[in-house]
Amino acid sequence: VQMPPQQVDVVAVQSGEVPLYKVFVGQTYGLLDIPIRARVEGFLEGRHFEEGSPVKENQLLYTIDSQPFMAEVAAQQSSVAEAKTMLVNAENELNRYKPLAEISAVSQSDLDAAQASYEAAVAGVQAAEANLELAKINLSYTRIFSPIDGLIGKTEARRGEFVGREPNPVILNTVSRIDTIRVQFYLIESE
């Protein structure tokens, strides 16, 4: 008895695009994720937003106790006034010595000393004004504003906490622009 031929399924082959899907674990980020930092040290006085809510560019987010920084501005203003007084005195002294030196009523070394005192006083005013500007900048850092429109996250510091120095929070929060997002995931070499 002869065996019947084996039944074989035949399939017509067609070419075409077939999507291949893979599943990866990833993390989403905003197009921009900007950390909100405490640029000066101090006690957090206020939080002026709701966590997880949209914020606008230049919206006030946090305030840090400004009293020490205001006192520093006042002290530097006093230093500027003192330096300007010294400058006026040095300038008057120099102006008195110049005509006297021309008629040899005072020595050249006295005139040179008066000129040096005047130049030192000019430099003293410039240094005092620079210190005042720095004090004003530090005072401005006690008010922290949003750098962009976006969504603000969970705050890392509460009212009354000391911020701005490790181990206390330096980065207080993050504002994310999420109209476009990034997804970060990892591929192994074989994939």
# chains A, B, ... in the order shown; residues from 1 in each chain; ligands from 1
$ select_by_dssp --residues "chain A" --states "strand (DSSP E or B)" --output "ChimeraX atom specification"
/A:26-37,42-47,54-55,60-64,143-145,150-152,162-163,171-185
$ closest_atom_pairs --of "region 54-157 of chain A" --to "region 19-37 of chain A" --cutoff "12 Å" --atoms "only C-alpha atoms" --output "tab-separated table"
residue	atom	partner	partner_atom	distance
A:Glu57	CA	A:Ile34	CA	11.8
A:Leu60	CA	A:Ile36	CA	11.5
A:Leu61	CA	A:Ile36	CA	9.0
A:Tyr62	CA	A:Ile36	CA	9.4
A:Thr63	CA	A:Arg37	CA	11.7
A:Ile64	CA	A:Arg37	CA	11.5
A:Tyr141	CA	A:Arg37	CA	9.7
A:Thr142	CA	A:Arg37	CA	10.8
A:Arg143	CA	A:Arg37	CA	10.9
A:Ile144	CA	A:Ile36	CA	7.9
A:Phe145	CA	A:Ile36	CA	8.4
A:Ser146	CA	A:Ile36	CA	7.6
A:Pro147	CA	A:Ile34	CA	7.8
A:Ile148	CA	A:Ile34	CA	8.3
A:Asp149	CA	A:Leu32	CA	10.1
A:Gly150	CA	A:Leu32	CA	8.7
A:Leu151	CA	A:Gly30	CA	9.0
A:Ile152	CA	A:Asp33	CA	9.5
A:Gly153	CA	A:Pro35	CA	10.0
A:Lys154	CA	A:Ile36	CA	11.3
A:Thr155	CA	A:Ile36	CA	9.7
A:Glu156	CA	A:Ile36	CA	10.1
A:Ala157	CA	A:Arg37	CA	11.1
$ write_last_selection --atoms "N, CA, C and O atoms" --output "PDB file, in the first residue's frame"
ATOM      1  N   GLU A  57       5.773  83.465  33.192  1.00  0.00           N
ATOM      2  CA  GLU A  57       7.101  84.060  33.269  1.00  0.00           C
ATOM      3  C   GLU A  57       7.033  85.325  34.125  1.00  0.00           C
ATOM      4  O   GLU A  57       6.100  86.110  34.017  1.00  0.00           O
ATOM      5  N   LEU A  60       5.909  85.849  40.706  1.00  0.00           N
ATOM      6  CA  LEU A  60       6.593  85.665  41.984  1.00  0.00           C
ATOM      7  C   LEU A  60       6.311  84.265  42.508  1.00  0.00           C
ATOM      8  O   LEU A  60       5.153  83.857  42.603  1.00  0.00           O
ATOM      9  N   LEU A  61       7.380  83.523  42.820  1.00  0.00           N
ATOM     10  CA  LEU A  61       7.234  82.158  43.319  1.00  0.00           C
ATOM     11  C   LEU A  61       7.526  82.064  44.813  1.00  0.00           C
ATOM     12  O   LEU A  61       6.753  81.488  45.566  1.00  0.00           O
ATOM     13  N   TYR A  62       8.675  82.606  45.228  1.00  0.00           N
ATOM     14  CA  TYR A  62       9.107  82.504  46.625  1.00  0.00           C
ATOM     15  C   TYR A  62       9.646  83.854  47.095  1.00  0.00           C
ATOM     16  O   TYR A  62      10.157  84.638  46.289  1.00  0.00           O
ATOM     17  N   THR A  63       9.553  84.083  48.396  1.00  0.00           N
ATOM     18  CA  THR A  63      10.247  85.219  49.014  1.00  0.00           C
ATOM     19  C   THR A  63      11.077  84.693  50.176  1.00  0.00           C
ATOM     20  O   THR A  63      10.640  83.813  50.923  1.00  0.00           O
ATOM     21  N   ILE A  64      12.277  85.239  50.278  1.00  0.00           N
ATOM     22  CA  ILE A  64      13.201  84.911  51.368  1.00  0.00           C
ATOM     23  C   ILE A  64      13.291  86.156  52.247  1.00  0.00           C
ATOM     24  O   ILE A  64      13.226  87.286  51.741  1.00  0.00           O
ATOM     25  N   TYR A 141      17.687  89.050  45.039  1.00  0.00           N
ATOM     26  CA  TYR A 141      17.591  87.585  45.026  1.00  0.00           C
ATOM     27  C   TYR A 141      16.656  87.051  46.105  1.00  0.00           C
ATOM     28  O   TYR A 141      16.380  85.847  46.143  1.00  0.00           O
ATOM     29  N   THR A 142      16.164  87.905  46.999  1.00  0.00           N
ATOM     30  CA  THR A 142      15.223  87.442  48.024  1.00  0.00           C
ATOM     31  C   THR A 142      13.816  87.281  47.455  1.00  0.00           C
ATOM     32  O   THR A 142      12.942  86.756  48.131  1.00  0.00           O
ATOM     33  N   ARG A 143      13.603  87.739  46.231  1.00  0.00           N
ATOM     34  CA  ARG A 143      12.329  87.545  45.533  1.00  0.00           C
ATOM     35  C   ARG A 143      12.622  86.681  44.304  1.00  0.00           C
ATOM     36  O   ARG A 143      13.375  87.098  43.432  1.00  0.00           O
ATOM     37  N   ILE A 144      12.053  85.501  44.270  1.00  0.00           N
ATOM     38  CA  ILE A 144      12.363  84.523  43.223  1.00  0.00           C
ATOM     39  C   ILE A 144      11.172  84.426  42.278  1.00  0.00           C
ATOM     40  O   ILE A 144      10.047  84.154  42.710  1.00  0.00           O
ATOM     41  N   PHE A 145      11.447  84.655  40.992  1.00  0.00           N
ATOM     42  CA  PHE A 145      10.401  84.689  39.967  1.00  0.00           C
ATOM     43  C   PHE A 145      10.570  83.520  39.000  1.00  0.00           C
ATOM     44  O   PHE A 145      11.662  82.987  38.825  1.00  0.00           O
ATOM     45  N   SER A 146       9.482  83.173  38.331  1.00  0.00           N
ATOM     46  CA  SER A 146       9.528  82.111  37.326  1.00  0.00           C
ATOM     47  C   SER A 146      10.267  82.615  36.083  1.00  0.00           C
ATOM     48  O   SER A 146       9.946  83.686  35.568  1.00  0.00           O
ATOM     49  N   PRO A 147      11.228  81.835  35.579  1.00  0.00           N
ATOM     50  CA  PRO A 147      11.956  82.264  34.385  1.00  0.00           C
ATOM     51  C   PRO A 147      11.180  82.042  33.082  1.00  0.00           C
ATOM     52  O   PRO A 147      11.504  82.641  32.070  1.00  0.00           O
ATOM     53  N   ILE A 148      10.166  81.165  33.124  1.00  0.00           N
ATOM     54  CA  ILE A 148       9.412  80.832  31.910  1.00  0.00           C
ATOM     55  C   ILE A 148       7.946  80.579  32.265  1.00  0.00           C
ATOM     56  O   ILE A 148       7.603  80.381  33.428  1.00  0.00           O
ATOM     57  N   ASP A 149       7.093  80.553  31.239  1.00  0.00           N
ATOM     58  CA  ASP A 149       5.745  80.019  31.396  1.00  0.00           C
ATOM     59  C   ASP A 149       5.888  78.509  31.491  1.00  0.00           C
ATOM     60  O   ASP A 149       6.653  77.902  30.734  1.00  0.00           O
ATOM     61  N   GLY A 150       5.159  77.891  32.398  1.00  0.00           N
ATOM     62  CA  GLY A 150       5.260  76.442  32.495  1.00  0.00           C
ATOM     63  C   GLY A 150       4.454  75.907  33.660  1.00  0.00           C
ATOM     64  O   GLY A 150       3.619  76.595  34.242  1.00  0.00           O
ATOM     65  N   LEU A 151       4.740  74.673  33.994  1.00  0.00           N
ATOM     66  CA  LEU A 151       4.082  73.982  35.095  1.00  0.00           C
ATOM     67  C   LEU A 151       5.091  73.848  36.213  1.00  0.00           C
ATOM     68  O   LEU A 151       6.223  73.407  35.982  1.00  0.00           O
ATOM     69  N   ILE A 152       4.694  74.241  37.430  1.00  0.00           N
ATOM     70  CA  ILE A 152       5.628  74.156  38.556  1.00  0.00           C
ATOM     71  C   ILE A 152       5.346  72.882  39.335  1.00  0.00           C
ATOM     72  O   ILE A 152       4.198  72.440  39.433  1.00  0.00           O
ATOM     73  N   GLY A 153       6.411  72.299  39.857  1.00  0.00           N
ATOM     74  CA  GLY A 153       6.293  71.024  40.551  1.00  0.00           C
ATOM     75  C   GLY A 153       6.078  71.170  42.045  1.00  0.00           C
ATOM     76  O   GLY A 153       5.586  72.181  42.541  1.00  0.00           O
ATOM     77  N   LYS A 154       6.506  70.142  42.755  1.00  0.00           N
ATOM     78  CA  LYS A 154       6.376  70.085  44.212  1.00  0.00           C
ATOM     79  C   LYS A 154       7.514  70.868  44.842  1.00  0.00           C
ATOM     80  O   LYS A 154       8.668  70.716  44.464  1.00  0.00           O
ATOM     81  N   THR A 155       7.186  71.694  45.816  1.00  0.00           N
ATOM     82  CA  THR A 155       8.207  72.509  46.464  1.00  0.00           C
ATOM     83  C   THR A 155       9.079  71.662  47.378  1.00  0.00           C
ATOM     84  O   THR A 155       8.610  70.702  47.993  1.00  0.00           O
ATOM     85  N   GLU A 156      10.360  72.005  47.423  1.00  0.00           N
ATOM     86  CA  GLU A 156      11.313  71.281  48.264  1.00  0.00           C
ATOM     87  C   GLU A 156      11.514  71.961  49.611  1.00  0.00           C
ATOM     88  O   GLU A 156      12.274  71.473  50.436  1.00  0.00           O
ATOM     89  N   ALA A 157      10.882  73.111  49.829  1.00  0.00           N
ATOM     90  CA  ALA A 157      11.062  73.833  51.088  1.00  0.00           C
ATOM     91  C   ALA A 157       9.741  74.457  51.508  1.00  0.00           C
ATOM     92  O   ALA A 157       8.941  74.859  50.676  1.00  0.00           O
TER      93      ALA A 157
END
$ closest_residue --among "A:Ala83, A:Leu94, A:Ala130, A:Val88" --to "Ala113 (chain A)" --atoms "only C-alpha atoms"
A:Leu94
$ residues_around --residues "Asp65 (chain A)" --least-positions-apart "4" --cutoff "7 Å" --atoms "only C-alpha atoms" --output "number ranges by chain"
A: 42-45, 142
$ residues_around --residues "Ala123 (chain A)" --least-positions-apart "2" --cutoff "12 Å" --atoms "only C-alpha atoms" --output "short mmCIF file (atom, residue, chain, number, x, y, z; two decimals) with all heavy atoms, in the first residue's frame"
data_model
loop_
_atom_site.label_atom_id
_atom_site.label_comp_id
_atom_site.auth_asym_id
_atom_site.auth_seq_id
_atom_site.Cartn_x
_atom_site.Cartn_y
_atom_site.Cartn_z
N VAL A 80 29.11 104.47 50.95
CA VAL A 80 29.22 105.33 49.76
C VAL A 80 29.24 106.80 50.18
O VAL A 80 30.07 107.59 49.70
CB VAL A 80 28.08 105.05 48.75
CG1 VAL A 80 28.01 106.13 47.68
CG2 VAL A 80 28.24 103.69 48.11
N ALA A 83 32.59 107.55 51.70
CA ALA A 83 33.64 107.61 50.67
C ALA A 83 33.54 108.90 49.87
O ALA A 83 34.57 109.50 49.51
CB ALA A 83 33.53 106.39 49.75
N LYS A 84 32.32 109.35 49.60
CA LYS A 84 32.16 110.60 48.85
C LYS A 84 32.62 111.81 49.67
O LYS A 84 33.19 112.76 49.14
CB LYS A 84 30.70 110.77 48.41
CG LYS A 84 30.34 109.85 47.25
CD LYS A 84 28.91 110.06 46.78
CE LYS A 84 28.64 109.18 45.57
NZ LYS A 84 27.27 109.32 45.07
N MET A 86 35.01 111.68 51.92
CA MET A 86 36.48 111.60 51.86
C MET A 86 36.99 112.13 50.52
O MET A 86 38.03 112.80 50.47
CB MET A 86 36.94 110.15 52.05
CG MET A 86 36.52 109.53 53.36
SD MET A 86 37.47 110.12 54.74
CE MET A 86 38.92 109.13 54.56
N LEU A 87 36.27 111.86 49.45
CA LEU A 87 36.66 112.35 48.14
C LEU A 87 36.60 113.87 48.08
O LEU A 87 37.53 114.51 47.57
CB LEU A 87 35.76 111.74 47.06
CG LEU A 87 35.99 112.25 45.62
CD1 LEU A 87 37.42 111.97 45.17
CD2 LEU A 87 34.98 111.63 44.67
N ALA A 90 39.54 115.17 49.99
CA ALA A 90 40.80 114.96 49.26
C ALA A 90 40.89 115.92 48.08
O ALA A 90 41.98 116.44 47.78
CB ALA A 90 40.90 113.51 48.80
N ALA A 116 47.81 111.62 45.51
CA ALA A 116 47.61 110.20 45.81
C ALA A 116 46.37 110.02 46.69
O ALA A 116 45.59 109.07 46.49
CB ALA A 116 48.84 109.62 46.49
N SER A 117 46.19 110.92 47.66
CA SER A 117 45.00 110.83 48.53
C SER A 117 43.73 111.02 47.71
O SER A 117 42.72 110.32 47.93
CB SER A 117 45.06 111.89 49.63
OG SER A 117 46.11 111.59 50.51
N TYR A 118 43.77 111.95 46.76
CA TYR A 118 42.61 112.19 45.91
C TYR A 118 42.30 110.94 45.07
O TYR A 118 41.14 110.49 44.99
CB TYR A 118 42.85 113.40 45.00
CG TYR A 118 41.79 113.56 43.95
CD1 TYR A 118 40.54 114.05 44.27
CD2 TYR A 118 42.04 113.19 42.62
CE1 TYR A 118 39.54 114.18 43.31
CE2 TYR A 118 41.05 113.33 41.66
CZ TYR A 118 39.81 113.81 42.00
OH TYR A 118 38.83 113.93 41.04
N GLU A 119 43.33 110.37 44.46
CA GLU A 119 43.12 109.17 43.62
C GLU A 119 42.63 107.99 44.45
O GLU A 119 41.78 107.21 44.01
CB GLU A 119 44.40 108.84 42.87
CG GLU A 119 44.71 109.86 41.78
CD GLU A 119 46.08 109.70 41.15
OE1 GLU A 119 46.80 108.73 41.49
OE2 GLU A 119 46.44 110.55 40.31
N ALA A 120 43.15 107.86 45.68
CA ALA A 120 42.68 106.79 46.56
C ALA A 120 41.20 107.02 46.93
O ALA A 120 40.42 106.07 47.02
CB ALA A 120 43.54 106.73 47.81
N ALA A 121 40.84 108.29 47.14
CA ALA A 121 39.45 108.60 47.48
C ALA A 121 38.51 108.29 46.31
O ALA A 121 37.39 107.80 46.51
CB ALA A 121 39.33 110.06 47.90
N VAL A 125 35.45 105.58 46.45
CA VAL A 125 34.05 105.79 46.05
C VAL A 125 33.62 104.69 45.09
O VAL A 125 32.53 104.12 45.23
CB VAL A 125 33.86 107.19 45.42
CG1 VAL A 125 32.49 107.30 44.76
CG2 VAL A 125 34.03 108.28 46.46
N GLN A 126 34.47 104.35 44.13
CA GLN A 126 34.12 103.30 43.16
C GLN A 126 33.92 101.95 43.86
O GLN A 126 32.97 101.22 43.55
CB GLN A 126 35.21 103.19 42.09
CG GLN A 126 35.26 104.40 41.17
CD GLN A 126 36.47 104.40 40.26
OE1 GLN A 126 37.45 103.67 40.50
NE2 GLN A 126 36.43 105.23 39.23
N ALA A 127 34.79 101.64 44.81
CA ALA A 127 34.67 100.37 45.54
C ALA A 127 33.39 100.36 46.38
O ALA A 127 32.67 99.35 46.40
CB ALA A 127 35.89 100.16 46.42
N ALA A 128 33.10 101.47 47.05
CA ALA A 128 31.88 101.54 47.87
C ALA A 128 30.64 101.41 47.01
O ALA A 128 29.67 100.73 47.38
CB ALA A 128 31.86 102.85 48.66
N GLU A 129 30.65 102.04 45.83
CA GLU A 129 29.49 101.93 44.92
C GLU A 129 29.34 100.51 44.39
O GLU A 129 28.22 100.02 44.24
CB GLU A 129 29.62 102.94 43.78
CG GLU A 129 29.36 104.36 44.24
CD GLU A 129 29.61 105.43 43.18
OE1 GLU A 129 30.32 105.14 42.19
OE2 GLU A 129 29.08 106.54 43.35
N ALA A 130 30.46 99.84 44.13
CA ALA A 130 30.39 98.44 43.68
C ALA A 130 29.83 97.55 44.79
O ALA A 130 29.00 96.66 44.52
CB ALA A 130 31.78 97.95 43.26
#
$ atom_distance --atom1 "CA of Ala38 (chain A)" --atom2 "CA of Val73 (chain A)"
19.1 Å
$ atom_distance --atom1 "CA of Gly164 (chain A)" --atom2 "CA of Ala71 (chain A)"
18.8 Å
